[in-house]
Amino acid sequence: MTTFIALLRAVNLGGSTQVSMTGLKDLLDGEGFDKVRTLLNSGNLVFQTGRGKSEELEHRLETLIARRFGRSTDVFVRSASEWHEVLAQNPFELEAEKDPGHLQLTSLKAAPSAESWAGLRSAIQGRERFVGHGRHAYIVYPDGVGRSKLTAALIERKLGTRSTSRNWNTARKLDGLAAG
């Protein structure tokens, strides 16, 4: 059995984005996933399964959620070991320690090209800083995410792939939950 972390994009933000975390847990339990746990009410799951790779699980979860909840959402799945390694590679250690609420870990559906990363860098208008590689980006929002022009829409447009972000506190809590 492998432990995985799944992040749902843009759920429980109000209106038509509602997905019950209890309902989601029950759905996965009923579909044969083991030790299903949720974190917060923002679409964070930890589970175990012996079936499938991350990309296959993403598709399976997206299909199950669409059928059960009647809404389409992107799901980002990482193995617990991959998630732990991504956290260990954080280039913003000082920010993680002193201001973790303004540090975001962004997960991507696909790894952008070097040109796409450069395009995102050139689009930043504020004091935000980021380091991106593979299917993840670490972004510091010193003035807060809510005031930033470095939005999810801009990130996705410049990188050419879908994304979802969690603040550093949540990313660490997911790591701890996955470690058991």
# chains A, B, ... in the order shown; residues from 1 in each chain; ligands from 1
call {"tool": "residues_around", "arguments": {"residues": "Arg147 (chain A)", "least_positions_apart": "2", "cutoff": "12 Å", "atoms": "only C-alpha atoms", "output": "list in words"}}
result
His102, Gln125, Gly126, Arg127, Glu128, Tyr141, Pro142, Asp143, Gly144, Val145, Lys149, Leu150 and Thr151 of chain A
call {"tool": "select_by_dssp", "arguments": {"residues": "region 61-148 of chain A", "states": "alpha helix (DSSP H)", "output": "PyMOL selection string"}}
result
chain A and resi 61-69+80-88+93-98+114-123
call {"tool": "residues_around", "arguments": {"residues": "region 60-63 of chain A", "least_positions_apart": "5", "cutoff": "7 Å", "atoms": "only C-alpha atoms", "output": "PDB file with N, CA and C atoms, in the first residue's frame"}}
result
ATOM      1  N   SER A  72     -17.111  19.404 -11.755  1.00  0.00           N
ATOM      2  CA  SER A  72     -15.783  19.055 -12.241  1.00  0.00           C
ATOM      3  C   SER A  72     -14.737  19.853 -11.472  1.00  0.00           C
ATOM      4  N   THR A  73     -13.711  19.170 -11.025  1.00  0.00           N
ATOM      5  CA  THR A  73     -12.594  19.848 -10.371  1.00  0.00           C
ATOM      6  C   THR A  73     -11.312  19.085 -10.675  1.00  0.00           C
ATOM      7  N   ASP A  74     -10.226  19.817 -10.763  1.00  0.00           N
ATOM      8  CA  ASP A  74      -8.926  19.171 -10.947  1.00  0.00           C
ATOM      9  C   ASP A  74      -8.470  18.600  -9.611  1.00  0.00           C
ATOM     10  N   VAL A  75      -7.835  17.432  -9.677  1.00  0.00           N
ATOM     11  CA  VAL A  75      -7.263  16.797  -8.499  1.00  0.00           C
ATOM     12  C   VAL A  75      -5.781  16.586  -8.775  1.00  0.00           C
TER      13      VAL A  75
END
call {"tool": "closest_atom_pairs", "arguments": {"of": "region 67-91 of chain A", "to": "region 39-51 of chain A", "cutoff": "10 Å", "atoms": "only C-alpha atoms", "output": "tab-separated table"}}
result
residue	atom	partner	partner_atom	distance
A:Val75	CA	A:Gly43	CA	9.0
A:Phe76	CA	A:Asn44	CA	9.8
A:Val77	CA	A:Leu45	CA	9.2
A:Arg78	CA	A:Val46	CA	9.7
A:Ser79	CA	A:Gln48	CA	9.4
A:Ala80	CA	A:Val46	CA	8.5
call {"tool": "residues_around", "arguments": {"residues": "region 110-114 of chain A", "least_positions_apart": "4", "cutoff": "12 Å", "atoms": "only C-alpha atoms", "output": "MDAnalysis selection string"}}
result
chainID A and resid 55 76:77 106 118:121 131:137 155:164
call {"tool": "residues_around", "arguments": {"residues": "Leu27 (chain A)", "least_positions_apart": "6", "cutoff": "10 Å", "atoms": "only C-alpha atoms", "output": "list in words"}}
result
Met21, Phe33, Val36, Leu61, Leu64, Ile65 and Arg68 of chain A
call {"tool": "closest_residue", "arguments": {"among": "A:Gly32, A:Gly70, A:Pro91, A:Gly23", "to": "Leu105 (chain A)", "atoms": "only C-alpha atoms"}}
result
A:Pro91
call {"tool": "atom_distance", "arguments": {"atom1": "CA of Trp168 (chain A)", "atom2": "CA of Ser107 (chain A)"}}
result
12.3 Å
call {"tool": "residues_around", "arguments": {"residues": "Leu87 (chain A)", "least_positions_apart": "6", "cutoff": "10 Å", "atoms": "only C-alpha atoms", "output": "list in words"}}
result
Ser81, Glu93, Leu105, Tyr138, Trp168, Ala171, Arg172 and Asp175 of chain A
call {"tool": "write_last_selection", "arguments": {"atoms": "N, CA and C atoms", "output": "short mmCIF file (atom, residue, chain, number, x, y, z; two decimals), in the first residue's frame"}}
result
data_model
loop_
_atom_site.label_atom_id
_atom_site.label_comp_id
_atom_site.auth_asym_id
_atom_site.auth_seq_id
_atom_site.Cartn_x
_atom_site.Cartn_y
_atom_site.Cartn_z
N SER A 81 5.88 10.17 -0.20
CA SER A 81 7.33 10.34 -0.28
C SER A 81 7.70 11.49 -1.22
N GLU A 93 13.58 28.71 3.22
CA GLU A 93 13.57 28.19 4.59
C GLU A 93 13.25 29.27 5.62
N LEU A 105 2.94 26.61 -1.53
CA LEU A 105 3.43 25.53 -2.37
C LEU A 105 2.37 25.30 -3.43
N TYR A 138 7.35 27.23 -5.40
CA TYR A 138 7.33 27.80 -4.06
C TYR A 138 7.20 29.30 -4.27
N TRP A 168 2.15 27.13 3.47
CA TRP A 168 3.17 26.24 4.01
C TRP A 168 2.68 25.49 5.25
N ALA A 171 0.67 22.62 3.93
CA ALA A 171 1.56 21.65 3.27
C ALA A 171 2.27 20.79 4.31
N ARG A 172 2.74 21.40 5.38
CA ARG A 172 3.41 20.64 6.45
C ARG A 172 2.44 19.73 7.19
N ASP A 175 1.91 16.69 5.20
CA ASP A 175 3.09 15.82 5.31
C ASP A 175 3.03 15.02 6.60
#
call {"tool": "select_by_dssp", "arguments": {"residues": "region 19-171 of chain A", "states": "strand (DSSP E or B)", "output": "compact mmCIF listing (two decimals) with C-alpha atoms, in the first residue's frame"}}
result
# COMPACT_ATOMS: atom_id res chain seq x y z
CA ASP A 34 -7.80 2.77 2.73
CA LYS A 35 -7.16 5.02 5.73
CA VAL A 36 -8.85 8.02 4.08
CA ARG A 37 -8.42 11.24 6.03
CA THR A 38 -9.24 14.85 5.24
CA LEU A 39 -7.55 18.04 6.41
CA ASN A 44 -7.08 18.00 1.17
CA LEU A 45 -7.00 14.20 1.33
CA VAL A 46 -4.58 11.56 2.52
CA PHE A 47 -5.25 7.93 1.66
CA GLN A 48 -3.65 4.60 0.94
CA THR A 49 -4.09 2.35 -2.06
CA VAL A 75 -7.26 16.80 -8.50
CA PHE A 76 -3.51 16.80 -7.89
CA VAL A 77 -2.10 13.56 -6.45
CA ARG A 78 1.38 13.07 -5.04
CA SER A 79 2.81 10.12 -3.18
CA LEU A 103 4.65 31.00 1.62
CA GLN A 104 2.66 28.88 -0.83
CA LEU A 105 3.43 25.53 -2.37
CA THR A 106 1.82 25.35 -5.79
CA SER A 107 1.23 21.96 -7.39
CA LEU A 108 0.95 21.77 -11.16
CA ARG A 129 9.28 35.75 -5.38
CA PHE A 130 9.15 32.19 -6.61
CA VAL A 131 11.26 29.20 -7.43
CA GLY A 132 9.75 26.59 -9.69
CA HIS A 133 10.89 23.25 -10.96
CA HIS A 136 5.86 22.49 -8.15
CA ALA A 137 6.50 26.13 -7.36
CA TYR A 138 7.33 27.80 -4.06
CA ILE A 139 5.91 31.32 -3.97
CA VAL A 140 6.46 33.98 -1.33
CA SER A 163 -2.53 24.55 -10.55
CA THR A 164 -3.59 24.56 -6.93
CA SER A 165 -1.80 26.07 -3.95
CA ARG A 166 -1.60 25.46 -0.23
CA ASN A 167 0.11 27.65 2.33
call {"tool": "atom_distance", "arguments": {"atom1": "CA of Phe69 (chain A)", "atom2": "CA of Leu57 (chain A)"}}
result
17.5 Å
call {"tool": "closest_residue", "arguments": {"among": "A:Thr170, A:Lys109, A:Ser116, A:Asp99", "to": "Arg9 (chain A)", "atoms": "only C-alpha atoms"}}
result
A:Lys109
call {"tool": "atom_distance", "arguments": {"atom1": "CA of Gly180 (chain A)", "atom2": "CA of Glu97 (chain A)"}}
result
22.6 Å
call {"tool": "closest_residue", "arguments": {"among": "A:Thr3, A:Lys173, A:Gly146, A:Ile124", "to": "Lys53 (chain A)", "atoms": "only C-alpha atoms"}}
result
A:Thr3
call {"tool": "closest_residue", "arguments": {"among": "A:Pro100, A:Leu24, A:Leu94, A:Val86", "to": "Leu8 (chain A)", "atoms": "only C-alpha atoms"}}
result
A:Leu24
call {"tool": "closest_residue", "arguments": {"among": "A:Lys25, A:Glu85, A:Glu58, A:Asn169", "to": "Ala6 (chain A)", "atoms": "only C-alpha atoms"}}
result
A:Glu58
